[in-house]
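Novice: Provided herewith is a single structure, encoded as structure tokens, for subsequent inquiry.
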Amino acid sequence: MQDRYDVVVIGSGLAGLTAANRLARSGHRVLLAEQHSQLGGLATYFRRRHHLFDVALHGFPIGMQKSLRKYWGQAFADRVVQVQRIVFDNPQFHVETTFDMEDFTRILEAQFRIPRATVNAFFACLKAMNYYDDQRETVRELFERFFPGRPDVWRLLLEPITYANGSTLDEPAISYGIVFGNFMSKGVYTFLGGTDTMLEMMAAELRAGQVDCETCCRVERILVEAGRVVGVVANGRSVACRAVVSNGNLLGTIHDLVGDAHFAAEFLAGVGQVRLSNSSCQVYIGIRPGAQLPAIGDLLFTSTCPVFDADALCARQVTSRTFSVYYPTIRPGTDQYTIVASMNARHQDWVGLERTAYRAAKEDLIEDTLTALDRYVPEVRRLVDYTEAATPITFARYTLHPGGAAFGTKFEGLRPSMTLSAQVGGLFHTGSVGIIMSGWLGTVNYGVMVANDADKYLGG
Ligand SMILES: Cc1cc2nc3c(=O)[nH]c(=O)nc-3n(C[C@H](O)[C@H](O)[C@H](O)COP(=O)(O)OP(=O)(O)OC[C@H]3O[C@@H](n4cnc5c(N)ncnc54)[C@H](O)[C@@H]3O)c2cc1C
């Protein structure tokens, strides 16, 4: 780490990585400071024995292929492959789909008996949505408009997006519609080779662009003088810079890294309204070498809850889980099968538990997950040789997001995030925010947008 840079990027989530790459390619001297020992933020992976687990690689829209090509290179785009088989199984319906508009139109018409004209009108409405629209209509009102009295249809349309970004029926319709519309354009995609391959490729690009990547490097303060960024304190050491792009949590950036004294009261009042997204639990399941899993689908949305219920989706008493099944084809040349079960969760349900109760709760989570999986893979316990659980406490520790927020902040976080530099010269925020800018595609694109703003500020 040197004493002076043009810009310090705090955090190496997908937005931070992409912003650092863009800024370096525009000719700036960049420090990328990551507090964890590994790059990637939530888009990460870990090894246990012979197993390699992906944490947040379950699926992204096709737009990611274009973004990877434009901002990281053709070799990245070439690895984007379609997730073939997506299965929903709950008390209201069983559906198998490629999760694109054509297939959903077929399913809505044939299985749910919705007139073709209504389906077409709904998709046309989604297509026309953009950020500058009227933001008052909620998801609930949107569904009432097109599918009144059809909670089964609401569930089909919303439940996967609730997993993907924490949307509920009471969120602005556009935050749901833009994300769902992105998936509907061509289905769900993944990265061939897994998160480890992608991060290795990104690290190589950053090295080639001469970004200083420092892991185990926690930024404790952003230094501001006369209304402008002048540096950071990282691991107790002052580093001068003219701009900061923070990929850390929006609220943590404002309150902890900069300090309220540097912001206008009106701005802080807006920040006071910003809600964090929910957190997650996950159970990682490693399959014994030599054992094979039956083809149960790539993404399996399962629930025993009678209807869609955003509160129940987050409850500690789990009724709904997504199983992501990683067949050996995701990492060609290996014979590994792993399964990652993801559940939405609330930090407050986990934070008060003392050590023994916390451990027991994690064990219960694992056991309940295996029992739920047994319905799809009979006698699954005989195939499993490794399990581990992550909770909101785990996510908070590895990312520093308050409450282990899995998708940053809710919709109202977008405005403060986008207007930070009007408060403090040279201060920018990027990363999961406002639902629209979260997920792999949202954060990569937001990383580029903010890097362009920082470049302009730096006189690029
Ligand atoms: C369980 C789960 C599953 C998901 N599945 C999918 C999926 O299938 N598809 C999809 O598109 N999205 C998925 N997501 C969402 C997606 O992974 C995230 O939206 C995205 O990766 C977040 O990127 P980000 O740029 O906001 O940064 P984050 O990943 O939040 O990373 C922020 C980084 O900043 C670092 N940091 C914070 N403060 C400091 C500091 N002071 N100093 C130094 N470093 C700091 C953190 O350590 C972290 O590395 C999932 C999320 C979760 C939790």
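To be explicit about the labels: the chains of the structure tokens are called A, B, and onward in the order shown, and within each one the residues are counted from 1, while ligands get numbers from 1 in the order they are shown.
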Just want the residues within 7 Å of ligand 1, written as a PDB file with N, CA and C atoms, in the first residue's frame, counting only C-alpha atoms and all ligand atoms.
Specialist:
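Generated file (result09.pdb):
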ATOM      1  N   ILE A  10     -13.362   1.317  -1.382  1.00  0.00           N
ATOM      2  CA  ILE A  10     -13.483   0.580  -0.114  1.00  0.00           C
ATOM      3  C   ILE A  10     -14.411  -0.608  -0.333  1.00  0.00           C
ATOM      4  N   GLY A  11     -13.863  -1.806  -0.327  1.00  0.00           N
ATOM      5  CA  GLY A  11     -14.697  -3.000  -0.461  1.00  0.00           C
ATOM      6  C   GLY A  11     -14.617  -3.592  -1.850  1.00  0.00           C
ATOM      7  N   SER A  12     -14.532  -4.923  -1.886  1.00  0.00           N
ATOM      8  CA  SER A  12     -14.369  -5.611  -3.170  1.00  0.00           C
ATOM      9  C   SER A  12     -15.554  -6.503  -3.489  1.00  0.00           C
ATOM     10  N   GLY A  13     -16.784  -6.009  -3.208  1.00  0.00           N
ATOM     11  CA  GLY A  13     -17.965  -6.663  -3.785  1.00  0.00           C
ATOM     12  C   GLY A  13     -17.916  -6.458  -5.295  1.00  0.00           C
ATOM     13  N   LEU A  14     -18.920  -6.981  -5.997  1.00  0.00           N
ATOM     14  CA  LEU A  14     -18.876  -6.870  -7.464  1.00  0.00           C
ATOM     15  C   LEU A  14     -18.870  -5.421  -7.934  1.00  0.00           C
ATOM     16  N   ALA A  15     -19.542  -4.538  -7.192  1.00  0.00           N
ATOM     17  CA  ALA A  15     -19.537  -3.118  -7.571  1.00  0.00           C
ATOM     18  C   ALA A  15     -18.158  -2.511  -7.334  1.00  0.00           C
ATOM     19  N   GLY A  16     -17.539  -2.822  -6.200  1.00  0.00           N
ATOM     20  CA  GLY A  16     -16.219  -2.271  -5.890  1.00  0.00           C
ATOM     21  C   GLY A  16     -15.168  -2.775  -6.873  1.00  0.00           C
ATOM     22  N   ALA A  33      -9.324  -1.545  -1.184  1.00  0.00           N
ATOM     23  CA  ALA A  33      -9.098  -2.010   0.196  1.00  0.00           C
ATOM     24  C   ALA A  33     -10.246  -2.900   0.637  1.00  0.00           C
ATOM     25  N   GLU A  34      -9.946  -4.150   0.924  1.00  0.00           N
ATOM     26  CA  GLU A  34     -10.970  -5.120   1.330  1.00  0.00           C
ATOM     27  C   GLU A  34     -10.640  -5.643   2.730  1.00  0.00           C
ATOM     28  N   GLN A  35     -11.613  -5.540   3.637  1.00  0.00           N
ATOM     29  CA  GLN A  35     -11.336  -5.947   5.020  1.00  0.00           C
ATOM     30  C   GLN A  35     -11.216  -7.476   5.184  1.00  0.00           C
ATOM     31  N   HIS A  36     -11.872  -8.225   4.315  1.00  0.00           N
ATOM     32  CA  HIS A  36     -11.848  -9.688   4.408  1.00  0.00           C
ATOM     33  C   HIS A  36     -10.563 -10.213   3.739  1.00  0.00           C
ATOM     34  N   LEU A  39     -11.310 -11.495  -1.965  1.00  0.00           N
ATOM     35  CA  LEU A  39     -12.116 -10.553  -2.755  1.00  0.00           C
ATOM     36  C   LEU A  39     -13.506 -11.146  -3.017  1.00  0.00           C
ATOM     37  N   GLY A  40     -14.463 -10.267  -3.356  1.00  0.00           N
ATOM     38  CA  GLY A  40     -15.764 -10.771  -3.826  1.00  0.00           C
ATOM     39  C   GLY A  40     -16.959 -10.324  -3.003  1.00  0.00           C
ATOM     40  N   GLY A  41     -16.742  -9.996  -1.725  1.00  0.00           N
ATOM     41  CA  GLY A  41     -17.896  -9.628  -0.883  1.00  0.00           C
ATOM     42  C   GLY A  41     -18.846 -10.801  -0.783  1.00  0.00           C
ATOM     43  N   LEU A  42     -20.123 -10.544  -1.033  1.00  0.00           N
ATOM     44  CA  LEU A  42     -21.106 -11.636  -0.971  1.00  0.00           C
ATOM     45  C   LEU A  42     -20.923 -12.605  -2.138  1.00  0.00           C
ATOM     46  N   ALA A  43     -20.398 -12.107  -3.245  1.00  0.00           N
ATOM     47  CA  ALA A  43     -20.147 -12.979  -4.397  1.00  0.00           C
ATOM     48  C   ALA A  43     -18.857 -13.741  -4.124  1.00  0.00           C
ATOM     49  N   VAL A  55     -21.417 -19.024  -2.686  1.00  0.00           N
ATOM     50  CA  VAL A  55     -22.350 -18.414  -1.734  1.00  0.00           C
ATOM     51  C   VAL A  55     -23.507 -17.713  -2.456  1.00  0.00           C
ATOM     52  N   ALA A  56     -23.213 -16.968  -3.488  1.00  0.00           N
ATOM     53  CA  ALA A  56     -24.263 -16.142  -4.101  1.00  0.00           C
ATOM     54  C   ALA A  56     -24.338 -16.315  -5.610  1.00  0.00           C
ATOM     55  N   LEU A  57     -23.960 -17.489  -6.078  1.00  0.00           N
ATOM     56  CA  LEU A  57     -24.048 -17.762  -7.523  1.00  0.00           C
ATOM     57  C   LEU A  57     -25.197 -18.737  -7.756  1.00  0.00           C
ATOM     58  N   HIS A  58     -26.396 -18.175  -7.815  1.00  0.00           N
ATOM     59  CA  HIS A  58     -27.567 -19.027  -8.040  1.00  0.00           C
ATOM     60  C   HIS A  58     -28.174 -18.725  -9.398  1.00  0.00           C
ATOM     61  N   GLY A  59     -28.051 -17.484  -9.807  1.00  0.00           N
ATOM     62  CA  GLY A  59     -28.578 -17.130 -11.119  1.00  0.00           C
ATOM     63  C   GLY A  59     -28.641 -15.631 -11.282  1.00  0.00           C
ATOM     64  N   PHE A  60     -28.372 -15.189 -12.510  1.00  0.00           N
ATOM     65  CA  PHE A  60     -28.495 -13.762 -12.830  1.00  0.00           C
ATOM     66  C   PHE A  60     -29.089 -13.634 -14.223  1.00  0.00           C
ATOM     67  N   ALA A 164     -34.351 -13.175  -4.559  1.00  0.00           N
ATOM     68  CA  ALA A 164     -33.244 -12.529  -5.274  1.00  0.00           C
ATOM     69  C   ALA A 164     -32.900 -11.159  -4.718  1.00  0.00           C
ATOM     70  N   ASN A 165     -33.892 -10.434  -4.174  1.00  0.00           N
ATOM     71  CA  ASN A 165     -33.540  -9.084  -3.690  1.00  0.00           C
ATOM     72  C   ASN A 165     -34.380  -8.603  -2.523  1.00  0.00           C
ATOM     73  N   CYS A 217      -7.629  -5.446   4.837  1.00  0.00           N
ATOM     74  CA  CYS A 217      -7.334  -4.013   4.931  1.00  0.00           C
ATOM     75  C   CYS A 217      -8.651  -3.284   5.197  1.00  0.00           C
ATOM     76  N   ARG A 218      -8.879  -2.973   6.449  1.00  0.00           N
ATOM     77  CA  ARG A 218     -10.156  -2.357   6.811  1.00  0.00           C
ATOM     78  C   ARG A 218     -10.024  -0.837   6.846  1.00  0.00           C
ATOM     79  N   VAL A 219     -10.891  -0.166   6.128  1.00  0.00           N
ATOM     80  CA  VAL A 219     -10.903   1.299   6.190  1.00  0.00           C
ATOM     81  C   VAL A 219     -11.717   1.704   7.408  1.00  0.00           C
ATOM     82  N   GLU A 220     -11.082   2.481   8.285  1.00  0.00           N
ATOM     83  CA  GLU A 220     -11.757   2.862   9.533  1.00  0.00           C
ATOM     84  C   GLU A 220     -12.389   4.244   9.442  1.00  0.00           C
ATOM     85  N   ASN A 247     -17.833   0.863  -1.337  1.00  0.00           N
ATOM     86  CA  ASN A 247     -18.686  -0.287  -1.667  1.00  0.00           C
ATOM     87  C   ASN A 247     -19.179  -0.927  -0.364  1.00  0.00           C
ATOM     88  N   GLY A 248     -18.848  -0.273   0.758  1.00  0.00           N
ATOM     89  CA  GLY A 248     -19.380  -0.743   2.035  1.00  0.00           C
ATOM     90  C   GLY A 248     -20.845  -0.346   2.135  1.00  0.00           C
ATOM     91  N   ASN A 249     -21.490  -0.765   3.171  1.00  0.00           N
ATOM     92  CA  ASN A 249     -22.911  -0.454   3.327  1.00  0.00           C
ATOM     93  C   ASN A 249     -23.142   1.064   3.323  1.00  0.00           C
ATOM     94  N   SER A 279     -31.730 -10.211   5.810  1.00  0.00           N
ATOM     95  CA  SER A 279     -30.504 -10.980   5.676  1.00  0.00           C
ATOM     96  C   SER A 279     -30.835 -12.391   5.162  1.00  0.00           C
ATOM     97  N   SER A 280     -29.888 -13.290   5.273  1.00  0.00           N
ATOM     98  CA  SER A 280     -30.078 -14.651   4.753  1.00  0.00           C
ATOM     99  C   SER A 280     -29.523 -15.679   5.713  1.00  0.00           C
ATOM    100  N   CYS A 281     -30.010 -16.887   5.581  1.00  0.00           N
ATOM    101  CA  CYS A 281     -29.341 -18.072   6.140  1.00  0.00           C
ATOM    102  C   CYS A 281     -29.019 -18.976   4.957  1.00  0.00           C
ATOM    103  N   GLN A 282     -27.979 -19.754   5.096  1.00  0.00           N
ATOM    104  CA  GLN A 282     -27.696 -20.752   4.064  1.00  0.00           C
ATOM    105  C   GLN A 282     -27.236 -22.046   4.713  1.00  0.00           C
ATOM    106  N   SER A 342     -30.785 -21.727   0.404  1.00  0.00           N
ATOM    107  CA  SER A 342     -30.812 -20.321   0.846  1.00  0.00           C
ATOM    108  C   SER A 342     -32.190 -19.975   1.400  1.00  0.00           C
ATOM    109  N   TYR A 398     -18.705 -11.189   7.716  1.00  0.00           N
ATOM    110  CA  TYR A 398     -17.860 -11.231   6.515  1.00  0.00           C
ATOM    111  C   TYR A 398     -17.993 -10.013   5.613  1.00  0.00           C
ATOM    112  N   THR A 399     -19.093  -9.258   5.759  1.00  0.00           N
ATOM    113  CA  THR A 399     -19.277  -8.119   4.838  1.00  0.00           C
ATOM    114  C   THR A 399     -19.362  -6.772   5.547  1.00  0.00           C
ATOM    115  N   LEU A 400     -19.533  -6.790   6.860  1.00  0.00           N
ATOM    116  CA  LEU A 400     -19.737  -5.576   7.677  1.00  0.00           C
ATOM    117  C   LEU A 400     -21.064  -4.891   7.362  1.00  0.00           C
ATOM    118  N   HIS A 401     -21.966  -5.523   6.621  1.00  0.00           N
ATOM    119  CA  HIS A 401     -23.290  -4.922   6.435  1.00  0.00           C
ATOM    120  C   HIS A 401     -24.029  -4.991   7.764  1.00  0.00           C
ATOM    121  N   ALA A 406     -28.521  -8.638   3.123  1.00  0.00           N
ATOM    122  CA  ALA A 406     -28.084  -9.431   1.974  1.00  0.00           C
ATOM    123  C   ALA A 406     -28.176  -8.647   0.673  1.00  0.00           C
ATOM    124  N   PHE A 407     -29.007  -7.608   0.642  1.00  0.00           N
ATOM    125  CA  PHE A 407     -29.213  -6.868  -0.610  1.00  0.00           C
ATOM    126  C   PHE A 407     -29.118  -5.368  -0.357  1.00  0.00           C
ATOM    127  N   GLY A 408     -28.273  -4.979   0.605  1.00  0.00           N
ATOM    128  CA  GLY A 408     -28.056  -3.553   0.875  1.00  0.00           C
ATOM    129  C   GLY A 408     -29.261  -2.900   1.522  1.00  0.00           C
ATOM    130  N   THR A 430     -21.182   2.952  -4.049  1.00  0.00           N
ATOM    131  CA  THR A 430     -21.695   2.002  -5.034  1.00  0.00           C
ATOM    132  C   THR A 430     -21.947   0.666  -4.363  1.00  0.00           C
ATOM    133  N   GLY A 431     -22.780  -0.146  -4.981  1.00  0.00           N
ATOM    134  CA  GLY A 431     -23.073  -1.465  -4.406  1.00  0.00           C
ATOM    135  C   GLY A 431     -24.551  -1.608  -4.147  1.00  0.00           C
ATOM    136  N   SER A 432     -24.929  -2.753  -3.593  1.00  0.00           N
ATOM    137  CA  SER A 432     -26.335  -3.092  -3.398  1.00  0.00           C
ATOM    138  C   SER A 432     -27.096  -1.964  -2.737  1.00  0.00           C
ATOM    139  N   SER A 438     -29.130  -3.998  -6.868  1.00  0.00           N
ATOM    140  CA  SER A 438     -28.523  -5.120  -6.159  1.00  0.00           C
ATOM    141  C   SER A 438     -28.509  -6.352  -7.063  1.00  0.00           C
ATOM    142  N   GLY A 439     -27.913  -7.426  -6.542  1.00  0.00           N
ATOM    143  CA  GLY A 439     -27.715  -8.610  -7.380  1.00  0.00           C
ATOM    144  C   GLY A 439     -26.456  -8.417  -8.220  1.00  0.00           C
ATOM    145  N   TRP A 440     -26.030  -9.465  -8.872  1.00  0.00           N
ATOM    146  CA  TRP A 440     -24.772  -9.422  -9.631  1.00  0.00           C
ATOM    147  C   TRP A 440     -24.844  -8.379 -10.745  1.00  0.00           C
ATOM    148  N   LEU A 441     -25.944  -8.396 -11.497  1.00  0.00           N
ATOM    149  CA  LEU A 441     -26.056  -7.468 -12.622  1.00  0.00           C
ATOM    150  C   LEU A 441     -26.171  -6.030 -12.124  1.00  0.00           C
ATOM    151  N   THR A 443     -25.179  -4.637  -9.357  1.00  0.00           N
ATOM    152  CA  THR A 443     -23.989  -4.071  -8.717  1.00  0.00           C
ATOM    153  C   THR A 443     -22.865  -3.831  -9.726  1.00  0.00           C
TER     154      THR A 443
END
Novice: Write out as a PDB file with N, CA and C atoms, in the first residue's frame all residues of range 260-357 of chain A that DSSP puts in strand (DSSP E or B) for this structure's backbone.
Specialist:
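Final output, selection-v4.pdb:
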ATOM      1  N   LEU A 276     -32.760  -1.127   5.895  1.00  0.00           N
ATOM      2  CA  LEU A 276     -31.865  -2.179   5.379  1.00  0.00           C
ATOM      3  C   LEU A 276     -32.715  -3.306   4.809  1.00  0.00           C
ATOM      4  N   SER A 279     -31.730 -10.211   5.810  1.00  0.00           N
ATOM      5  CA  SER A 279     -30.504 -10.980   5.676  1.00  0.00           C
ATOM      6  C   SER A 279     -30.835 -12.391   5.162  1.00  0.00           C
ATOM      7  N   SER A 280     -29.888 -13.290   5.273  1.00  0.00           N
ATOM      8  CA  SER A 280     -30.078 -14.651   4.753  1.00  0.00           C
ATOM      9  C   SER A 280     -29.523 -15.679   5.713  1.00  0.00           C
ATOM     10  N   CYS A 281     -30.010 -16.887   5.581  1.00  0.00           N
ATOM     11  CA  CYS A 281     -29.341 -18.072   6.140  1.00  0.00           C
ATOM     12  C   CYS A 281     -29.019 -18.976   4.957  1.00  0.00           C
ATOM     13  N   GLN A 282     -27.979 -19.754   5.096  1.00  0.00           N
ATOM     14  CA  GLN A 282     -27.696 -20.752   4.064  1.00  0.00           C
ATOM     15  C   GLN A 282     -27.236 -22.046   4.713  1.00  0.00           C
ATOM     16  N   VAL A 283     -27.520 -23.154   4.043  1.00  0.00           N
ATOM     17  CA  VAL A 283     -26.956 -24.440   4.460  1.00  0.00           C
ATOM     18  C   VAL A 283     -26.187 -24.996   3.262  1.00  0.00           C
ATOM     19  N   TYR A 284     -24.926 -25.315   3.504  1.00  0.00           N
ATOM     20  CA  TYR A 284     -24.036 -25.824   2.453  1.00  0.00           C
ATOM     21  C   TYR A 284     -23.925 -27.333   2.619  1.00  0.00           C
ATOM     22  N   ILE A 285     -24.181 -28.053   1.539  1.00  0.00           N
ATOM     23  CA  ILE A 285     -24.252 -29.516   1.618  1.00  0.00           C
ATOM     24  C   ILE A 285     -23.279 -30.108   0.598  1.00  0.00           C
ATOM     25  N   GLY A 286     -22.283 -30.835   1.083  1.00  0.00           N
ATOM     26  CA  GLY A 286     -21.315 -31.469   0.187  1.00  0.00           C
ATOM     27  C   GLY A 286     -21.670 -32.938  -0.006  1.00  0.00           C
ATOM     28  N   ILE A 287     -21.658 -33.367  -1.251  1.00  0.00           N
ATOM     29  CA  ILE A 287     -22.012 -34.757  -1.567  1.00  0.00           C
ATOM     30  C   ILE A 287     -20.732 -35.598  -1.621  1.00  0.00           C
ATOM     31  N   LEU A 299     -32.350 -25.040  -9.927  1.00  0.00           N
ATOM     32  CA  LEU A 299     -32.854 -24.139  -8.874  1.00  0.00           C
ATOM     33  C   LEU A 299     -34.220 -24.679  -8.474  1.00  0.00           C
ATOM     34  N   LEU A 300     -34.354 -24.962  -7.204  1.00  0.00           N
ATOM     35  CA  LEU A 300     -35.587 -25.597  -6.731  1.00  0.00           C
ATOM     36  C   LEU A 300     -36.179 -24.704  -5.654  1.00  0.00           C
ATOM     37  N   PHE A 301     -37.264 -24.000  -6.004  1.00  0.00           N
ATOM     38  CA  PHE A 301     -37.936 -23.122  -5.022  1.00  0.00           C
ATOM     39  C   PHE A 301     -38.973 -23.969  -4.288  1.00  0.00           C
ATOM     40  N   THR A 302     -38.739 -24.245  -3.017  1.00  0.00           N
ATOM     41  CA  THR A 302     -39.668 -25.117  -2.293  1.00  0.00           C
ATOM     42  C   THR A 302     -40.293 -24.361  -1.132  1.00  0.00           C
ATOM     43  N   SER A 303     -41.522 -24.702  -0.838  1.00  0.00           N
ATOM     44  CA  SER A 303     -42.176 -24.079   0.307  1.00  0.00           C
ATOM     45  C   SER A 303     -43.302 -24.975   0.796  1.00  0.00           C
ATOM     46  N   SER A 320     -39.797 -22.006   3.725  1.00  0.00           N
ATOM     47  CA  SER A 320     -39.468 -21.829   2.304  1.00  0.00           C
ATOM     48  C   SER A 320     -37.960 -21.787   2.099  1.00  0.00           C
ATOM     49  N   ARG A 321     -37.494 -22.541   1.137  1.00  0.00           N
ATOM     50  CA  ARG A 321     -36.056 -22.590   0.840  1.00  0.00           C
ATOM     51  C   ARG A 321     -35.846 -22.653  -0.670  1.00  0.00           C
ATOM     52  N   THR A 322     -34.722 -22.095  -1.108  1.00  0.00           N
ATOM     53  CA  THR A 322     -34.294 -22.337  -2.492  1.00  0.00           C
ATOM     54  C   THR A 322     -33.095 -23.265  -2.427  1.00  0.00           C
ATOM     55  N   PHE A 323     -33.165 -24.360  -3.166  1.00  0.00           N
ATOM     56  CA  PHE A 323     -31.995 -25.230  -3.286  1.00  0.00           C
ATOM     57  C   PHE A 323     -31.316 -24.930  -4.613  1.00  0.00           C
ATOM     58  N   SER A 324     -30.032 -24.583  -4.549  1.00  0.00           N
ATOM     59  CA  SER A 324     -29.242 -24.447  -5.769  1.00  0.00           C
ATOM     60  C   SER A 324     -28.397 -25.705  -5.872  1.00  0.00           C
ATOM     61  N   VAL A 325     -28.554 -26.398  -6.970  1.00  0.00           N
ATOM     62  CA  VAL A 325     -27.838 -27.663  -7.113  1.00  0.00           C
ATOM     63  C   VAL A 325     -26.698 -27.461  -8.108  1.00  0.00           C
ATOM     64  N   TYR A 326     -25.489 -27.744  -7.661  1.00  0.00           N
ATOM     65  CA  TYR A 326     -24.303 -27.585  -8.512  1.00  0.00           C
ATOM     66  C   TYR A 326     -23.854 -28.972  -8.968  1.00  0.00           C
ATOM     67  N   THR A 338     -22.537 -30.263  -5.191  1.00  0.00           N
ATOM     68  CA  THR A 338     -22.853 -29.591  -3.925  1.00  0.00           C
ATOM     69  C   THR A 338     -24.250 -28.990  -4.035  1.00  0.00           C
ATOM     70  N   ILE A 339     -24.835 -28.772  -2.882  1.00  0.00           N
ATOM     71  CA  ILE A 339     -26.153 -28.122  -2.849  1.00  0.00           C
ATOM     72  C   ILE A 339     -26.065 -26.986  -1.843  1.00  0.00           C
ATOM     73  N   VAL A 340     -26.611 -25.834  -2.215  1.00  0.00           N
ATOM     74  CA  VAL A 340     -26.680 -24.716  -1.264  1.00  0.00           C
ATOM     75  C   VAL A 340     -28.149 -24.347  -1.096  1.00  0.00           C
ATOM     76  N   ALA A 341     -28.618 -24.437   0.147  1.00  0.00           N
ATOM     77  CA  ALA A 341     -29.999 -24.033   0.448  1.00  0.00           C
ATOM     78  C   ALA A 341     -29.963 -22.602   0.977  1.00  0.00           C
ATOM     79  N   SER A 342     -30.785 -21.727   0.404  1.00  0.00           N
ATOM     80  CA  SER A 342     -30.812 -20.321   0.846  1.00  0.00           C
ATOM     81  C   SER A 342     -32.190 -19.975   1.400  1.00  0.00           C
ATOM     82  N   MET A 343     -32.185 -19.270   2.500  1.00  0.00           N
ATOM     83  CA  MET A 343     -33.416 -18.820   3.131  1.00  0.00           C
ATOM     84  C   MET A 343     -33.272 -17.330   3.433  1.00  0.00           C
ATOM     85  N   ASN A 344     -34.330 -16.556   3.263  1.00  0.00           N
ATOM     86  CA  ASN A 344     -34.283 -15.179   3.746  1.00  0.00           C
ATOM     87  C   ASN A 344     -34.377 -15.237   5.275  1.00  0.00           C
ATOM     88  N   ALA A 345     -33.779 -14.252   5.955  1.00  0.00           N
ATOM     89  CA  ALA A 345     -33.749 -14.323   7.420  1.00  0.00           C
ATOM     90  C   ALA A 345     -33.663 -12.935   8.025  1.00  0.00           C
TER      91      ALA A 345
END
Novice: Between CA of Asp196 in chain A and CA of Asn235 in chain A, what is the distance in Å, rounded to a tenth?
Specialist: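 Those two atoms sit 26.4 Å apart.
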Novice: Taking only C-alpha atoms into account, name the residue in A:Tyr457, A:Tyr358, A:Tyr446, A:Tyr45 that is nearest to Ser246 in chain A.
Specialist: A:Tyr446
Novice: What gap, in Å, lies between CA of Thr319 in chain A and CA of Trp350 in chain A?
Specialist: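 It comes out at 16.9 Å.
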Novice: Run DSSP on the backbone and give me the residues of range 120-291 of chain A it puts in helix (DSSP H, G or I), as a PyMOL selection string.
Specialist: chain A and resi 120-127+139-146+151-165+173-186+194-208+250-258+260-262+265-272
Novice: Could you save the residues just selected, with C-alpha atoms, as a compact mmCIF listing (two decimals), in the first residue's frame?
Specialist:
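Result file is again34.txt:
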# COMPACT_ATOMS: atom_id res chain seq x y z
CA ASN A 120 -49.22 -9.86 -22.73
CA ALA A 121 -50.46 -6.64 -21.14
CA PHE A 122 -48.61 -7.48 -17.89
CA PHE A 123 -45.33 -8.12 -19.69
CA ALA A 124 -45.77 -4.97 -21.81
CA CYS A 125 -46.25 -3.00 -18.58
CA LEU A 126 -43.01 -4.45 -17.12
CA LYS A 127 -41.11 -3.69 -20.30
CA VAL A 139 -46.21 -4.57 -6.22
CA ARG A 140 -49.51 -5.44 -4.54
CA GLU A 141 -51.35 -2.78 -6.57
CA LEU A 142 -49.65 -3.93 -9.77
CA PHE A 143 -50.78 -7.51 -9.17
CA GLU A 144 -54.31 -6.35 -8.19
CA ARG A 145 -54.44 -4.54 -11.52
CA PHE A 146 -53.56 -7.59 -13.64
CA PRO A 151 -52.60 -15.30 -4.92
CA ASP A 152 -51.20 -18.35 -6.71
CA VAL A 153 -50.14 -16.16 -9.67
CA TRP A 154 -48.75 -13.52 -7.31
CA ARG A 155 -46.62 -16.21 -5.71
CA LEU A 156 -45.28 -17.52 -9.02
CA LEU A 157 -44.33 -14.00 -10.09
CA LEU A 158 -42.94 -12.66 -6.83
CA GLU A 159 -41.45 -15.45 -4.70
CA PRO A 160 -38.26 -15.93 -6.76
CA ILE A 161 -37.65 -12.17 -6.78
CA THR A 162 -38.15 -12.02 -3.02
CA TYR A 163 -35.30 -14.52 -2.78
CA ALA A 164 -33.24 -12.53 -5.27
CA ASN A 165 -33.54 -9.08 -3.69
CA ALA A 173 -43.72 -1.91 -8.31
CA ILE A 174 -40.82 -0.67 -10.42
CA SER A 175 -38.20 -2.17 -8.08
CA TYR A 176 -39.83 -5.57 -8.61
CA GLY A 177 -40.76 -5.05 -12.25
CA ILE A 178 -37.32 -3.99 -13.48
CA VAL A 179 -35.59 -6.97 -11.85
CA PHE A 180 -38.26 -9.53 -12.83
CA GLY A 181 -38.32 -8.08 -16.36
CA ASN A 182 -34.53 -8.52 -16.61
CA PHE A 183 -34.88 -12.22 -15.86
CA MET A 184 -37.89 -12.66 -18.14
CA SER A 185 -35.98 -11.35 -21.17
CA LYS A 186 -34.08 -14.63 -21.63
CA GLY A 194 -17.98 -21.01 -10.55
CA THR A 195 -17.31 -17.95 -8.40
CA ASP A 196 -13.68 -18.98 -7.76
CA THR A 197 -12.88 -18.89 -11.47
CA MET A 198 -14.58 -15.55 -11.94
CA LEU A 199 -12.78 -13.93 -9.00
CA GLU A 200 -9.41 -15.29 -10.13
CA MET A 201 -10.03 -13.80 -13.57
CA MET A 202 -11.06 -10.47 -12.05
CA ALA A 203 -8.00 -10.36 -9.78
CA ALA A 204 -5.79 -10.96 -12.84
CA GLU A 205 -7.49 -8.06 -14.69
CA LEU A 206 -6.99 -5.77 -11.72
CA ARG A 207 -3.32 -6.70 -11.49
CA ALA A 208 -2.95 -6.03 -15.22
CA LEU A 250 -24.51 2.94 2.56
CA LEU A 251 -25.50 3.64 6.17
CA GLY A 252 -22.13 2.50 7.53
CA THR A 253 -20.37 4.73 5.00
CA ILE A 254 -22.33 7.82 6.03
CA HIS A 255 -22.56 7.38 9.80
CA ASP A 256 -19.38 5.46 10.66
CA LEU A 257 -16.77 6.10 7.98
CA VAL A 258 -17.49 9.79 7.27
CA ASP A 260 -22.81 12.87 10.43
CA ALA A 261 -21.11 16.21 11.04
CA HIS A 262 -20.12 16.37 7.35
CA ALA A 265 -29.45 18.01 8.22
CA GLU A 266 -31.92 17.61 5.36
CA PHE A 267 -29.79 14.92 3.74
CA LEU A 268 -29.45 13.08 7.06
CA ALA A 269 -33.23 13.23 7.53
CA GLY A 270 -33.59 11.36 4.21
CA VAL A 271 -30.93 8.86 5.28
CA GLY A 272 -32.88 8.31 8.50
